[in-house]
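What follows is coords_17.txt (compact mmCIF, C-alpha atoms).
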# COMPACT_ATOMS: atom_id res chain seq x y z
CA MET A 19 -195.27 110.92 -38.16
CA ALA A 20 -197.29 110.16 -35.03
CA ALA A 21 -197.44 112.91 -32.39
CA ILE A 22 -195.09 112.56 -29.44
CA SER A 23 -197.08 111.41 -26.42
CA THR A 24 -195.92 113.48 -23.46
CA GLY A 25 -196.35 113.29 -19.71
CA PHE A 26 -195.64 115.56 -16.77
CA ILE A 27 -195.24 115.04 -13.04
CA GLY A 28 -194.87 118.06 -10.78
CA ILE A 29 -197.57 120.41 -12.05
CA GLY A 30 -196.97 123.12 -9.47
CA SER A 31 -196.27 126.84 -9.82
CA GLN A 32 -193.52 126.30 -12.42
CA GLY A 33 -194.20 122.82 -13.77
CA GLY A 34 -197.89 123.55 -14.29
CA PRO A 35 -197.39 126.30 -16.89
CA MET A 36 -194.71 124.19 -18.61
CA ALA A 37 -197.16 121.31 -18.89
CA HIS A 38 -199.86 123.63 -20.23
CA ARG A 39 -197.48 124.75 -22.99
CA MET A 40 -196.75 121.11 -23.85
CA LEU A 41 -200.48 120.41 -24.07
CA LEU A 42 -200.82 123.09 -26.76
CA ARG A 43 -198.60 121.01 -29.07
CA PHE A 44 -198.66 117.41 -27.86
CA PRO A 45 -200.97 114.83 -26.31
CA LEU A 46 -200.35 115.10 -22.56
CA THR A 47 -200.83 112.80 -19.57
CA VAL A 48 -200.44 114.15 -16.04
CA TRP A 49 -200.24 112.68 -12.56
CA ALA A 50 -200.25 114.38 -9.15
CA ARG A 51 -200.38 113.22 -5.55
CA ARG A 52 -203.41 115.49 -5.08
CA PRO A 53 -205.98 114.57 -7.76
CA GLU A 54 -207.69 117.98 -7.58
CA VAL A 55 -204.55 119.57 -9.09
CA THR A 56 -205.14 117.67 -12.33
CA ALA A 57 -208.72 118.92 -12.88
CA GLU A 58 -207.83 121.95 -15.01
CA PHE A 59 -205.62 119.78 -17.22
CA ALA A 60 -208.42 117.28 -17.75
CA GLU A 61 -210.74 120.15 -18.71
CA LYS A 62 -208.25 121.18 -21.41
CA GLY A 63 -207.97 117.69 -22.89
CA ALA A 64 -205.13 116.07 -20.97
CA THR A 65 -205.33 112.48 -19.75
CA VAL A 66 -205.05 111.97 -16.00
CA ALA A 67 -203.08 108.86 -15.04
CA ALA A 68 -204.09 106.83 -12.01
CA SER A 69 -200.46 106.20 -11.08
CA VAL A 70 -196.87 107.14 -11.83
CA GLU A 71 -196.43 103.77 -13.48
CA GLU A 72 -199.46 104.24 -15.74
CA LEU A 73 -198.14 107.60 -16.90
CA GLY A 74 -194.69 106.17 -17.60
CA ALA A 75 -196.06 103.35 -19.74
CA ALA A 76 -198.19 105.72 -21.81
CA CYS A 77 -195.61 108.35 -22.78
CA ASP A 78 -192.73 108.86 -25.19
CA HIS A 79 -191.46 111.88 -23.25
CA VAL A 80 -191.94 112.53 -19.51
CA GLY A 81 -191.11 115.81 -17.77
CA LEU A 82 -190.43 115.67 -14.03
CA CYS A 83 -190.42 118.86 -11.93
CA VAL A 84 -190.57 117.97 -8.23
CA VAL A 85 -188.82 119.84 -5.44
CA ASN A 86 -185.80 117.91 -4.20
CA ASP A 87 -183.42 114.98 -4.68
CA ALA A 88 -185.38 112.61 -2.45
CA ASP A 89 -188.60 113.22 -4.39
CA VAL A 90 -186.80 112.77 -7.71
CA LEU A 91 -185.31 109.44 -6.66
CA GLU A 92 -188.59 108.18 -5.20
CA ILE A 93 -190.61 109.05 -8.31
CA CYS A 94 -187.96 107.80 -10.73
CA GLY A 95 -187.74 104.48 -8.91
CA ARG A 96 -191.37 103.90 -9.86
CA LEU A 97 -191.49 105.77 -13.16
CA VAL A 98 -188.44 104.62 -15.11
CA PRO A 99 -189.05 100.83 -14.94
CA ALA A 100 -192.52 101.44 -16.38
CA MET A 101 -191.32 103.57 -19.31
CA LYS A 102 -190.99 102.14 -22.81
CA PRO A 103 -187.51 101.48 -24.22
CA GLY A 104 -186.64 104.39 -26.48
CA SER A 105 -188.69 106.90 -24.49
CA LEU A 106 -187.13 109.88 -22.69
CA LEU A 107 -187.15 111.36 -19.19
CA ALA A 108 -186.57 115.13 -18.86
CA LEU A 109 -185.48 116.06 -15.36
CA HIS A 110 -186.56 119.67 -14.74
CA SER A 111 -185.99 119.69 -10.96
CA THR A 112 -182.96 121.52 -9.56
CA ILE A 113 -180.93 118.85 -7.76
CA LEU A 114 -177.38 117.66 -7.17
CA PRO A 115 -175.53 116.79 -10.39
CA GLU A 116 -174.72 113.42 -8.82
CA THR A 117 -178.44 112.68 -8.55
CA ALA A 118 -178.92 113.44 -12.25
CA ILE A 119 -176.06 111.06 -13.09
CA ARG A 120 -177.65 108.40 -10.87
CA VAL A 121 -181.00 108.81 -12.63
CA GLU A 122 -179.31 108.60 -16.04
CA ALA A 123 -177.77 105.27 -15.02
CA LEU A 124 -181.19 104.00 -13.93
CA CYS A 125 -182.68 105.12 -17.24
CA GLY A 126 -179.88 103.47 -19.18
CA SER A 127 -180.56 100.13 -17.51
CA HIS A 128 -184.13 100.28 -18.86
CA GLY A 129 -183.31 101.58 -22.35
CA VAL A 130 -184.67 105.04 -21.56
CA ALA A 131 -182.88 108.26 -22.57
CA MET A 132 -182.46 111.09 -20.07
CA VAL A 133 -181.71 114.80 -20.15
CA ASP A 134 -181.33 116.83 -16.97
CA ALA A 135 -182.99 120.09 -17.99
CA PRO A 136 -183.55 122.60 -15.20
CA VAL A 137 -185.12 125.84 -16.36
CA SER A 138 -184.98 129.57 -15.73
CA GLY A 139 -187.78 132.06 -16.24
CA GLY A 140 -190.36 130.97 -13.66
CA ALA A 141 -194.08 130.77 -14.31
CA PRO A 142 -194.17 133.94 -16.47
CA GLY A 143 -191.47 132.52 -18.74
CA ALA A 144 -193.25 129.19 -19.00
CA GLU A 145 -196.57 130.86 -19.82
CA ALA A 146 -194.91 132.93 -22.54
CA GLY A 147 -192.84 130.04 -23.91
CA THR A 148 -189.60 131.93 -23.30
CA MET A 149 -187.83 129.82 -20.68
CA THR A 150 -184.13 129.06 -20.74
CA VAL A 151 -183.54 125.30 -20.64
CA MET A 152 -180.12 124.19 -19.34
CA CYS A 153 -179.43 120.68 -20.56
CA GLY A 154 -177.07 117.88 -19.61
CA GLY A 155 -176.98 114.57 -21.44
CA SER A 156 -175.95 112.98 -24.72
CA GLN A 157 -176.40 114.77 -28.04
CA ALA A 158 -178.88 112.09 -29.10
CA ALA A 159 -181.01 112.55 -25.97
CA PHE A 160 -180.88 116.33 -26.35
CA ASP A 161 -182.01 116.10 -29.98
CA GLN A 162 -184.86 113.78 -28.97
CA ALA A 163 -186.04 116.11 -26.20
CA LYS A 164 -185.67 119.43 -28.00
CA PRO A 165 -188.99 119.44 -29.93
CA VAL A 166 -190.86 119.17 -26.62
CA PHE A 167 -188.62 121.72 -24.88
CA GLU A 168 -189.41 124.17 -27.68
CA SER A 169 -193.03 124.24 -26.52
CA PHE A 170 -192.02 126.22 -23.40
CA GLY A 171 -188.39 127.24 -24.02
CA LYS A 172 -186.69 129.89 -26.14
CA LEU A 173 -183.01 129.37 -25.35
CA ILE A 174 -182.26 125.64 -25.14
CA VAL A 175 -178.60 124.80 -24.56
CA LEU A 176 -176.69 121.50 -24.26
CA LEU A 177 -173.91 122.17 -21.73
CA GLY A 178 -172.30 118.74 -21.45
CA GLY A 179 -173.03 115.31 -20.06
CA ALA A 180 -175.61 114.38 -17.43
CA GLY A 181 -175.43 116.78 -14.50
CA ALA A 182 -174.12 119.72 -16.55
CA GLY A 183 -177.54 121.34 -16.68
CA GLN A 184 -177.79 121.13 -12.89
CA LYS A 185 -174.36 122.72 -12.44
CA ALA A 186 -175.29 125.63 -14.70
CA LYS A 187 -178.64 126.16 -12.96
CA ILE A 188 -177.04 126.12 -9.51
CA VAL A 189 -174.42 128.70 -10.55
CA ASN A 190 -177.08 130.84 -12.25
CA ASN A 191 -179.41 130.86 -9.26
CA THR A 192 -176.62 131.56 -6.79
CA LEU A 193 -175.54 134.51 -8.92
CA MET A 194 -179.10 135.84 -8.94
CA ALA A 195 -179.25 135.55 -5.16
CA ALA A 196 -175.89 137.32 -4.88
CA ASN A 197 -177.18 140.09 -7.15
CA MET A 198 -180.15 140.49 -4.81
CA GLY A 199 -177.76 140.71 -1.86
CA LEU A 200 -175.78 143.39 -3.67
CA ALA A 201 -179.01 145.21 -4.52
CA GLN A 202 -179.94 145.26 -0.85
CA ALA A 203 -176.55 146.69 0.09
CA ALA A 204 -176.62 149.27 -2.73
CA LEU A 205 -180.06 150.61 -1.91
CA GLN A 206 -179.23 150.75 1.80
CA ALA A 207 -176.05 152.67 0.96
CA GLY A 208 -178.07 155.10 -1.14
CA GLU A 209 -180.53 155.67 1.71
CA ALA A 210 -177.64 156.24 4.14
CA LEU A 211 -176.39 158.93 1.75
CA GLY A 212 -179.81 160.59 1.71
CA VAL A 213 -180.79 159.45 -1.80
CA ASP A 214 -184.46 158.64 -2.37
CA ARG A 215 -184.74 154.83 -2.53
CA LYS A 216 -187.44 154.68 -5.22
CA ALA A 217 -185.66 157.18 -7.45
CA LEU A 218 -182.33 155.37 -7.06
CA ALA A 219 -183.94 152.04 -7.92
CA GLU A 220 -185.43 153.46 -11.12
CA LEU A 221 -182.09 155.00 -12.07
CA VAL A 222 -180.10 151.79 -11.53
CA LYS A 223 -182.60 149.74 -13.54
CA ALA A 224 -181.80 151.96 -16.53
CA SER A 225 -178.07 152.17 -15.87
CA SER A 226 -174.92 150.04 -15.86
CA GLY A 227 -175.54 148.64 -12.36
CA ARG A 228 -178.73 146.89 -13.40
CA SER A 229 -179.38 143.13 -13.11
CA PHE A 230 -182.44 140.92 -12.98
CA GLY A 231 -181.73 140.31 -9.29
CA PHE A 232 -181.68 144.05 -8.67
CA GLU A 233 -185.01 144.48 -10.47
CA VAL A 234 -186.62 141.75 -8.36
CA TYR A 235 -185.24 143.16 -5.12
CA ALA A 236 -186.26 146.73 -5.99
CA ARG A 237 -189.93 145.81 -6.38
CA ILE A 238 -190.41 143.88 -3.13
CA PRO A 239 -191.54 145.99 -0.14
CA GLU A 240 -189.23 144.21 2.31
CA PRO A 241 -187.11 141.01 2.28
CA ARG A 242 -189.69 138.76 3.97
CA ALA A 243 -192.07 139.40 1.06
CA PHE A 244 -189.72 137.22 -1.02
CA GLU A 245 -189.66 134.38 1.52
CA HIS A 246 -190.89 131.61 -0.81
CA GLY A 247 -188.50 132.49 -3.61
CA ALA A 248 -185.66 132.98 -1.14
CA LYS A 249 -186.11 129.46 0.24
CA MET A 250 -185.65 128.03 -3.25
CA LEU A 251 -182.59 130.19 -3.93
CA LEU A 252 -181.16 129.27 -0.53
CA LYS A 253 -181.48 125.59 -1.48
CA ASP A 254 -179.60 126.22 -4.72
CA THR A 255 -176.91 128.30 -2.98
CA ASN A 256 -176.36 125.45 -0.55
CA LEU A 257 -176.13 123.05 -3.49
CA LEU A 258 -173.28 125.10 -4.95
CA ALA A 259 -171.46 125.03 -1.62
CA SER A 260 -171.82 121.24 -1.56
CA ILE A 261 -170.57 120.60 -5.11
CA LEU A 262 -167.74 123.17 -5.10
CA PRO A 263 -166.51 123.34 -1.49
CA GLY A 264 -163.38 125.22 -0.53
CA SER A 265 -163.59 127.54 -3.55
CA ALA A 266 -163.00 131.26 -3.04
CA ASP A 267 -165.55 131.93 -5.79
CA THR A 268 -168.17 129.82 -4.01
CA ALA A 269 -167.42 131.55 -0.71
CA MET A 270 -167.84 134.99 -2.28
CA LEU A 271 -171.14 134.13 -3.98
CA GLU A 272 -172.47 132.33 -0.91
CA SER A 273 -171.60 135.18 1.45
CA VAL A 274 -173.25 137.87 -0.65
CA ALA A 275 -176.27 135.73 -1.49
CA LYS A 276 -176.95 134.74 2.10
CA SER A 277 -176.71 138.35 3.29
CA PHE A 278 -180.13 138.68 1.66
CA LEU A 279 -181.50 135.12 1.67
CA LEU A 280 -181.19 134.58 5.43
CA LEU A 281 -182.86 137.92 6.08
CA ALA A 282 -185.70 136.95 3.76
CA THR A 283 -186.19 133.49 5.26
CA GLU A 284 -185.40 134.06 8.94
CA GLY A 285 -185.96 137.78 9.46
Could you express the structure from this file as structure tokens?
Amino acid sequence: MAAISTGFIGIGSQGGPMAHRMLLRFPLTVWARRPEVTAEFAEKGATVAASVEELGAACDHVGLCVVNDADVLEICGRLVPAMKPGSLLALHSTILPETAIRVEALCGSHGVAMVDAPVSGGAPGAEAGTMTVMCGGSQAAFDQAKPVFESFGKLIVLLGGAGAGQKAKIVNNTLMAANMGLAQAALQAGEALGVDRKALAELVKASSGRSFGFEVYARIPEPRAFEHGAKMLLKDTNLLASILPGSADTAMLESVAKSFLLLATEG
């Protein structure tokens, strides 16, 4: 069986390590707005496409990991019409579920399969090949995409139709942000009670109050040190508020999450 020809667009802090993992197993083509970003991939044997359209025409499987809905729609408007019938688009960006459904419809009109597949684990998870991949799409598309996802993912789950992966990622990230907000409140409460902050943080990390969000919060010197990550989590928290408005659960998560996120992003 011929090797799956893969492609990747969005080779930034998270997408870059994912693409490197793909290159270890599959032929890879990359494209970036800034050509200098592709140099290290070329050195490792990847092909550098001159355009989005050239990449789309060359690949059986394309991963897309750009920042927001507008970028996804702009790239897909150029990419999908150039892709071969029977090929697959994996949408790794975190976006509105409605945008994923819209992209699936575009793909369907060109005979291209699609899975929305946002990920959790960040660059360290991608580098280690241990990411969680949250998938939405048909069973057939999921089965087609899974061999490539296994190059960077450990837990790969089909959650439902197109958009389901986005919904799960948005809930997951909002919960992490809320856990960081709770961590902030807990450590401040401990300090107010005269408990050593560092000692309390170490205790909680080994006790029943632990969470990944707590661990992240405990190791940053002050909220503004997490500004970049907080901006991304704030985007995802706002996405949850937009797709599940008027929900008491959303309001609770949003309130606790933003108690930390706004401090980290605005001071």
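Distances to Phe244 (chain A) were evaluated for A:Cys125, A:Val55, A:Leu173, A:Ala195 using all atoms listed in the file, and the minimum falls at A:Ala195.
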Give me the residues of region 32-108 of chain A that have any atom at most 8 Å from an atom of region 129-138 of chain A; for each, the nearest atom pair and the distance in Å, rounded to one decimal. Use only C-alpha atoms, sort by chain and number, and format it as a Markdown table.
| residue | atom | partner | partner_atom | distance |
| --- | --- | --- | --- | --- |
| A:Val98 | CA | A:Val130 | CA | 7.5 |
| A:Met101 | CA | A:Val130 | CA | 7.2 |
| A:Lys102 | CA | A:Val130 | CA | 7.1 |
| A:Pro103 | CA | A:Gly129 | CA | 4.6 |
| A:Gly104 | CA | A:Val130 | CA | 5.3 |
| A:Ser105 | CA | A:Val130 | CA | 5.3 |
| A:Leu106 | CA | A:Ala131 | CA | 4.5 |
| A:Leu107 | CA | A:Met132 | CA | 4.8 |
| A:Ala108 | CA | A:Val133 | CA | 5.0 |
Would you mind exporting C-alpha atoms of the selected residues as an mmCIF file, in the frame of the given file?
data_model
loop_
_atom_site.group_PDB
_atom_site.id
_atom_site.type_symbol
_atom_site.label_atom_id
_atom_site.label_comp_id
_atom_site.auth_asym_id
_atom_site.auth_seq_id
_atom_site.Cartn_x
_atom_site.Cartn_y
_atom_site.Cartn_z
ATOM 1 C CA VAL A 98 -188.440 104.620 -15.110
ATOM 2 C CA MET A 101 -191.320 103.570 -19.310
ATOM 3 C CA LYS A 102 -190.990 102.140 -22.810
ATOM 4 C CA PRO A 103 -187.510 101.480 -24.220
ATOM 5 C CA GLY A 104 -186.640 104.390 -26.480
ATOM 6 C CA SER A 105 -188.690 106.900 -24.490
ATOM 7 C CA LEU A 106 -187.130 109.880 -22.690
ATOM 8 C CA LEU A 107 -187.150 111.360 -19.190
ATOM 9 C CA ALA A 108 -186.570 115.130 -18.860
#
| request: Within 12 Å of Gly171 (chain A), counting only C-alpha atoms, which residues show up once you throw out same-chain ones fewer than 6 positions away? Write them as a ChimeraX atom specification, please. | output: /A:35-37,39-40,135-153,163-165
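Between Gly33 (chain A) and the candidates A:Phe278, A:Phe160, A:Phe170, A:Tyr235, the tightest atom-to-atom separation, counting only C-alpha atoms, involves A:Phe170.
With only C-alpha atoms taken into account, the protein and nucleic acid residues at most 9 Å from Ile261 (chain A) (excluding it and anything under 6 positions from it in its own chain) are Leu114, Pro115 and Lys185 of chain A.
Ranking A:Gly247, A:Pro239, A:Gly154, A:Gly181 by their shortest atom-to-atom distance to Met194 (chain A), with all atoms listed in the file included, puts A:Gly247 first.
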| said: So the first atom is CA of Gln32 (chain A) and the second is CA of Asn191 (chain A); what is the distance between them in Å, to one decimal place? | reply: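 CA of Asn191 (chain A) lies at a distance of 15.2 Å from CA of Gln32 (chain A).
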| said: Calculated over only C-alpha atoms, which of the candidates A:Leu251, A:Ala236, A:Ala203, A:Ala64 has the smallest distance to Leu218 (chain A)? | reply: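 For Leu218 (chain A), the nearest of the given residues is A:Ala236.
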